[in-house]
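Have a look at my_file00.csv below; it lists CSV, C-alpha atoms.
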chain,number,residue,atom,x,y,z
A,1,MET,CA,0.0,0.0,0.0
A,2,ASP,CA,1.3,3.4,-1.0
A,3,LEU,CA,1.4,6.1,1.7
A,4,GLU,CA,0.0,8.6,-0.8
A,5,SER,CA,-3.2,6.5,-1.2
A,6,LEU,CA,-4.0,6.9,2.6
A,7,GLY,CA,-6.3,9.5,3.9
A,8,SER,CA,-5.3,12.2,6.3
A,9,PRO,CA,-6.4,10.4,9.5
A,10,ALA,CA,-4.4,7.3,8.5
A,11,LYS,CA,-1.3,9.4,7.6
A,12,ALA,CA,-1.5,11.3,11.0
A,13,ASP,CA,-1.9,7.9,12.8
A,14,LEU,CA,1.2,6.6,11.0
A,15,LYS,CA,3.2,9.8,11.9
A,16,THR,CA,2.2,9.4,15.6
A,17,LYS,CA,3.3,5.8,15.6
A,18,GLU,CA,6.5,6.7,13.9
A,19,PHE,CA,7.2,9.3,16.5
A,20,GLU,CA,6.5,6.8,19.3
A,21,LEU,CA,9.0,4.5,17.8
A,22,LEU,CA,11.5,7.3,17.6
A,23,LYS,CA,11.0,8.0,21.3
A,24,PHE,CA,11.5,4.4,22.2
A,25,GLU,CA,14.6,4.3,20.1
A,26,LEU,CA,16.1,7.3,21.8
A,27,GLU,CA,15.3,5.9,25.2
A,28,ALA,CA,16.8,2.6,24.3
A,29,LEU,CA,20.0,4.2,23.0
A,30,VAL,CA,20.3,6.2,26.3
A,31,HIS,CA,19.7,3.0,28.3
A,32,LEU,CA,22.3,1.1,26.3
A,33,ALA,CA,24.7,4.1,26.3
A,34,ALA,CA,25.0,3.7,22.6
A,35,TRP,CA,26.0,7.3,22.0
A,36,ASP,CA,27.5,6.7,18.6
A,37,ASP,CA,24.2,5.2,17.3
A,38,MET,CA,22.4,8.5,18.0
A,39,ASP,CA,23.8,10.0,14.8
A,40,ALA,CA,21.4,7.7,12.8
A,41,VAL,CA,18.5,9.2,14.7
A,42,PHE,CA,19.6,12.8,14.6
A,43,GLU,CA,21.1,12.7,11.1
A,44,VAL,CA,23.3,15.7,11.5
A,45,ASN,CA,25.4,17.1,8.7
A,46,ARG,CA,28.1,19.5,9.8
A,47,THR,CA,28.6,22.5,7.6
A,48,GLY,CA,32.3,22.8,8.4
A,49,VAL,CA,32.0,26.6,8.5
A,50,ARG,CA,33.6,27.9,11.7
A,51,ASP,CA,31.8,31.2,11.8
A,52,LYS,CA,28.5,29.4,11.8
A,53,PRO,CA,27.8,27.7,15.1
A,54,ILE,CA,26.8,24.1,15.5
A,55,LEU,CA,23.2,25.3,15.3
A,56,THR,CA,23.5,25.1,11.5
A,57,TRP,CA,23.4,21.3,11.7
A,58,GLU,CA,20.2,19.9,10.2
A,59,PRO,CA,18.6,17.2,12.3
A,60,GLN,CA,16.4,15.3,9.9
A,61,ALA,CA,15.0,12.1,11.0
A,62,CYS,CA,13.7,13.1,14.4
A,63,LEU,CA,12.2,16.4,13.2
A,64,ASP,CA,10.4,15.2,10.1
A,65,MET,CA,7.1,15.7,11.7
A,66,ASP,CA,4.3,18.2,11.4
A,67,ASN,CA,2.8,17.9,14.9
A,68,VAL,CA,3.9,20.5,17.3
A,69,ALA,CA,3.0,18.2,20.3
A,70,HIS,CA,5.6,15.7,19.0
A,71,TRP,CA,8.3,18.4,18.9
A,72,GLU,CA,7.4,19.4,22.5
A,73,ALA,CA,7.7,15.8,23.7
A,74,LEU,CA,11.0,15.4,21.8
A,75,ALA,CA,12.4,18.6,23.3
A,76,ASP,CA,11.9,17.1,26.8
A,77,LEU,CA,13.5,13.9,25.7
A,78,VAL,CA,16.4,15.7,24.2
A,79,ILE,CA,17.0,17.4,27.5
A,80,VAL,CA,17.1,14.1,29.2
A,81,VAL,CA,19.5,12.7,26.6
A,82,HIS,CA,21.8,15.6,27.2
A,83,THR,CA,21.7,15.0,31.0
A,84,GLU,CA,22.7,11.4,30.4
A,85,ILE,CA,25.5,12.4,28.1
A,86,LEU,CA,26.9,14.6,30.8
A,87,LYS,CA,26.5,11.8,33.4
A,88,ALA,CA,28.4,9.5,31.1
A,89,GLY,CA,31.3,12.0,31.0
A,90,LEU,CA,31.3,12.3,27.2
A,91,GLY,CA,33.1,15.1,25.5
A,92,ALA,CA,32.0,18.1,23.4
A,93,GLU,CA,31.7,16.0,20.3
A,94,TYR,CA,28.6,14.2,21.8
A,95,GLN,CA,27.3,17.2,23.7
A,96,ALA,CA,27.3,19.4,20.6
A,97,LYS,CA,24.7,17.3,18.8
A,98,ILE,CA,21.9,17.7,21.3
A,99,PRO,CA,21.8,21.6,21.3
A,100,ALA,CA,21.5,21.4,17.5
A,101,VAL,CA,18.4,19.3,17.8
A,102,LEU,CA,16.9,21.5,20.6
A,103,GLN,CA,17.6,24.6,18.5
A,104,LYS,CA,15.7,23.1,15.6
A,105,ILE,CA,12.8,22.2,17.8
A,106,ILE,CA,12.7,25.8,19.2
A,107,ASN,CA,12.7,27.2,15.6
A,108,LEU,CA,10.0,24.9,14.3
A,109,THR,CA,7.8,25.4,17.3
A,110,TRP,CA,8.1,29.2,17.1
A,111,ARG,CA,7.2,29.1,13.4
A,112,SER,CA,4.4,26.6,13.7
A,113,SER,CA,2.5,27.1,16.9
A,114,GLY,CA,3.0,30.8,17.1
A,115,ASN,CA,3.8,32.0,20.6
A,116,ASP,CA,3.9,29.6,23.4
A,117,ILE,CA,6.5,31.8,25.0
A,118,VAL,CA,6.6,29.9,28.2
A,119,LYS,CA,7.8,26.7,26.6
A,120,LEU,CA,10.2,28.5,24.3
A,121,ALA,CA,11.7,30.4,27.2
A,122,ARG,CA,12.3,27.2,29.1
A,123,TRP,CA,13.9,25.5,26.1
A,124,LEU,CA,16.0,28.5,25.4
A,125,ARG,CA,17.2,28.5,29.0
A,126,CYS,CA,18.1,24.8,28.7
A,127,LEU,CA,19.8,25.4,25.4
A,128,PHE,CA,21.8,28.3,26.9
A,129,GLN,CA,22.9,26.1,29.9
A,130,MET,CA,23.8,23.1,27.6
A,131,ALA,CA,26.0,25.1,25.3
A,132,LEU,CA,27.6,27.3,27.9
A,133,SER,CA,30.1,24.5,28.9
A,134,PHE,CA,31.5,24.0,25.4
A,135,ASP,CA,30.4,26.7,22.9
A,136,VAL,CA,29.7,30.2,24.1
A,137,THR,CA,28.7,31.2,20.6
A,138,ILE,CA,25.6,29.1,20.9
A,139,SER,CA,24.8,30.6,24.3
A,140,LEU,CA,25.1,34.1,22.9
A,141,HIS,CA,22.8,33.1,20.0
A,142,CYS,CA,20.3,32.0,22.6
A,143,LEU,CA,20.3,35.5,24.2
A,144,ASP,CA,19.8,37.1,20.8
A,145,GLN,CA,17.0,34.7,20.0
A,146,ALA,CA,15.3,35.4,23.4
A,147,ILE,CA,15.4,39.1,22.7
A,148,ASP,CA,14.0,38.5,19.2
A,149,PHE,CA,11.2,36.3,20.5
A,150,THR,CA,10.3,38.8,23.1
A,151,ARG,CA,10.1,41.7,20.6
A,152,ARG,CA,8.0,39.6,18.2
A,153,TYR,CA,5.8,38.4,21.0
A,154,GLN,CA,5.1,41.9,22.3
A,155,SER,CA,4.3,43.3,18.9

Go ahead and render the structure in this file as structure tokens.
Amino acid sequence: MDLESLGSPAKADLKTKEFELLKFELEALVHLAAWDDMDAVFEVNRTGVRDKPILTWEPQACLDMDNVAHWEALADLVIVVHTEILKAGLGAEYQAKIPAVLQKIINLTWRSSGNDIVKLARWLRCLFQMALSFDVTISLHCLDQAIDFTRRYQS
């Protein structure tokens, strides 16, 4: 059966199930401490340009969803994954992947759902704290983004 031949409710149901599988996969990778296997989930492609921070990575697989509620759940899971990476004592190479995903979630949520400023503020604070230990550029970007969100929200 072709995905295109399915109706909207069936497609939405498949996307929800795909998201649930993704969550289970991330949880399993954390439980198994299979940090190198997370690249397959996050699908990041580094640009290699130094003046552009790690935030320019494009997480594909885990963010190929159109449901904002999925992104919100994924944001919380990504924060947990980052905590576990820190507990495992992994270096900046591993830590850098998580803020890229969280930044993408922040951007997609802002564009899609409009202005849930409370969630965005929490995620920006988390992103700021995550990046502060290994890349100040990302943390400074968070401050700029918070100012931008605030200005747009007030107007």

Exercise for review: Can you work out which one of A:Ala88, A:Ala40, A:Val68, A:Ala12 has the shortest atom-to-atom distance to A:Ser112, counting only C-alpha atoms?
Suggested key: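 Closest to A:Ser112, using only C-alpha atoms: A:Val68.
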
Check your understanding: How far is it from atom CA of A:Asn67 to atom CA of A:Phe149, in Å with one decimal?
Key ->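 According to the coordinates, atom CA of A:Asn67 and atom CA of A:Phe149 are separated by 21.0 Å.
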
Exercise for review: For each of A:Ala100, A:Ala10, A:Ala69, A:Leu127, take the minimum atom-to-atom distance to A:Asp39, counting only C-alpha atoms, then give the residue where this is smallest.
Suggested key: A:Ala100

Review point. If you measure from atom CA of A:Leu86 to atom CA of A:Pro99, what distance in Å do you get, rounded to one decimal?
Key: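 Atom CA of A:Leu86 sits 12.9 Å away from atom CA of A:Pro99.
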
Review point. Which one of A:Asp116, A:Asp148, A:Glu93, A:Glu72 sits closest to A:Phe134 if you count only C-alpha atoms?
Key: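 Between A:Asp116, A:Asp148, A:Glu93, A:Glu72, the residue approaching A:Phe134 most closely is A:Glu93.
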
10 Å contact set for A:Ile138, only C-alpha atoms, chain neighbours under 2 positions out, as an mmCIF file with C-alpha atoms, keeping the file's coordinate frame:
data_model
loop_
_atom_site.group_PDB
_atom_site.id
_atom_site.type_symbol
_atom_site.label_atom_id
_atom_site.label_comp_id
_atom_site.auth_asym_id
_atom_site.auth_seq_id
_atom_site.Cartn_x
_atom_site.Cartn_y
_atom_site.Cartn_z
ATOM 1 C CA LYS A 52 28.500 29.400 11.800
ATOM 2 C CA PRO A 53 27.800 27.700 15.100
ATOM 3 C CA ILE A 54 26.800 24.100 15.500
ATOM 4 C CA LEU A 55 23.200 25.300 15.300
ATOM 5 C CA ALA A 96 27.300 19.400 20.600
ATOM 6 C CA PRO A 99 21.800 21.600 21.300
ATOM 7 C CA ALA A 100 21.500 21.400 17.500
ATOM 8 C CA GLN A 103 17.600 24.600 18.500
ATOM 9 C CA LEU A 127 19.800 25.400 25.400
ATOM 10 C CA PHE A 128 21.800 28.300 26.900
ATOM 11 C CA GLN A 129 22.900 26.100 29.900
ATOM 12 C CA MET A 130 23.800 23.100 27.600
ATOM 13 C CA ALA A 131 26.000 25.100 25.300
ATOM 14 C CA LEU A 132 27.600 27.300 27.900
ATOM 15 C CA PHE A 134 31.500 24.000 25.400
ATOM 16 C CA ASP A 135 30.400 26.700 22.900
ATOM 17 C CA VAL A 136 29.700 30.200 24.100
ATOM 18 C CA LEU A 140 25.100 34.100 22.900
ATOM 19 C CA HIS A 141 22.800 33.100 20.000
ATOM 20 C CA CYS A 142 20.300 32.000 22.600
ATOM 21 C CA LEU A 143 20.300 35.500 24.200
ATOM 22 C CA ASP A 144 19.800 37.100 20.800
#

Revision key, fill the gap. Of A:Tyr153, A:Pro9, A:Phe19, A:Gln145, the one sitting nearest A:Asn107 when using only C-alpha atoms is A:Gln145

Point to revise | Residue nearest A:Arg151 - candidates A:Ile117, A:Ala92, A:Ala33, A:Ile79, atoms counted: all atoms listed in the file | key: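 The shortest atom-to-atom distance to A:Arg151 comes from A:Ile117.
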
Check your understanding: Using only C-alpha atoms, which of A:Trp71, A:Tyr94, A:Phe24, A:Trp35 sits nearest A:Trp123?
Key ->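 Using only C-alpha atoms, the shortest distance to A:Trp123 belongs to A:Trp71.
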
Practice item. Show which residues sit within 8 Å of A:Ile106, as a ChimeraX atom specification. Count only C-alpha atoms, and ignore same-chain residues fewer than 3 positions away. Key: /A:102-103,109-110,120,123-124

Box for stretch 95-103 of chain A - axis-aligned, 6 Å on each of the six sides, all listed atoms - centre and size in Å to one decimal, as AutoDock Vina command-line options.
--center_x 22.1 --center_y 20.9 --center_z 20.6 --size_x 22.4 --size_y 19.4 --size_z 18.2
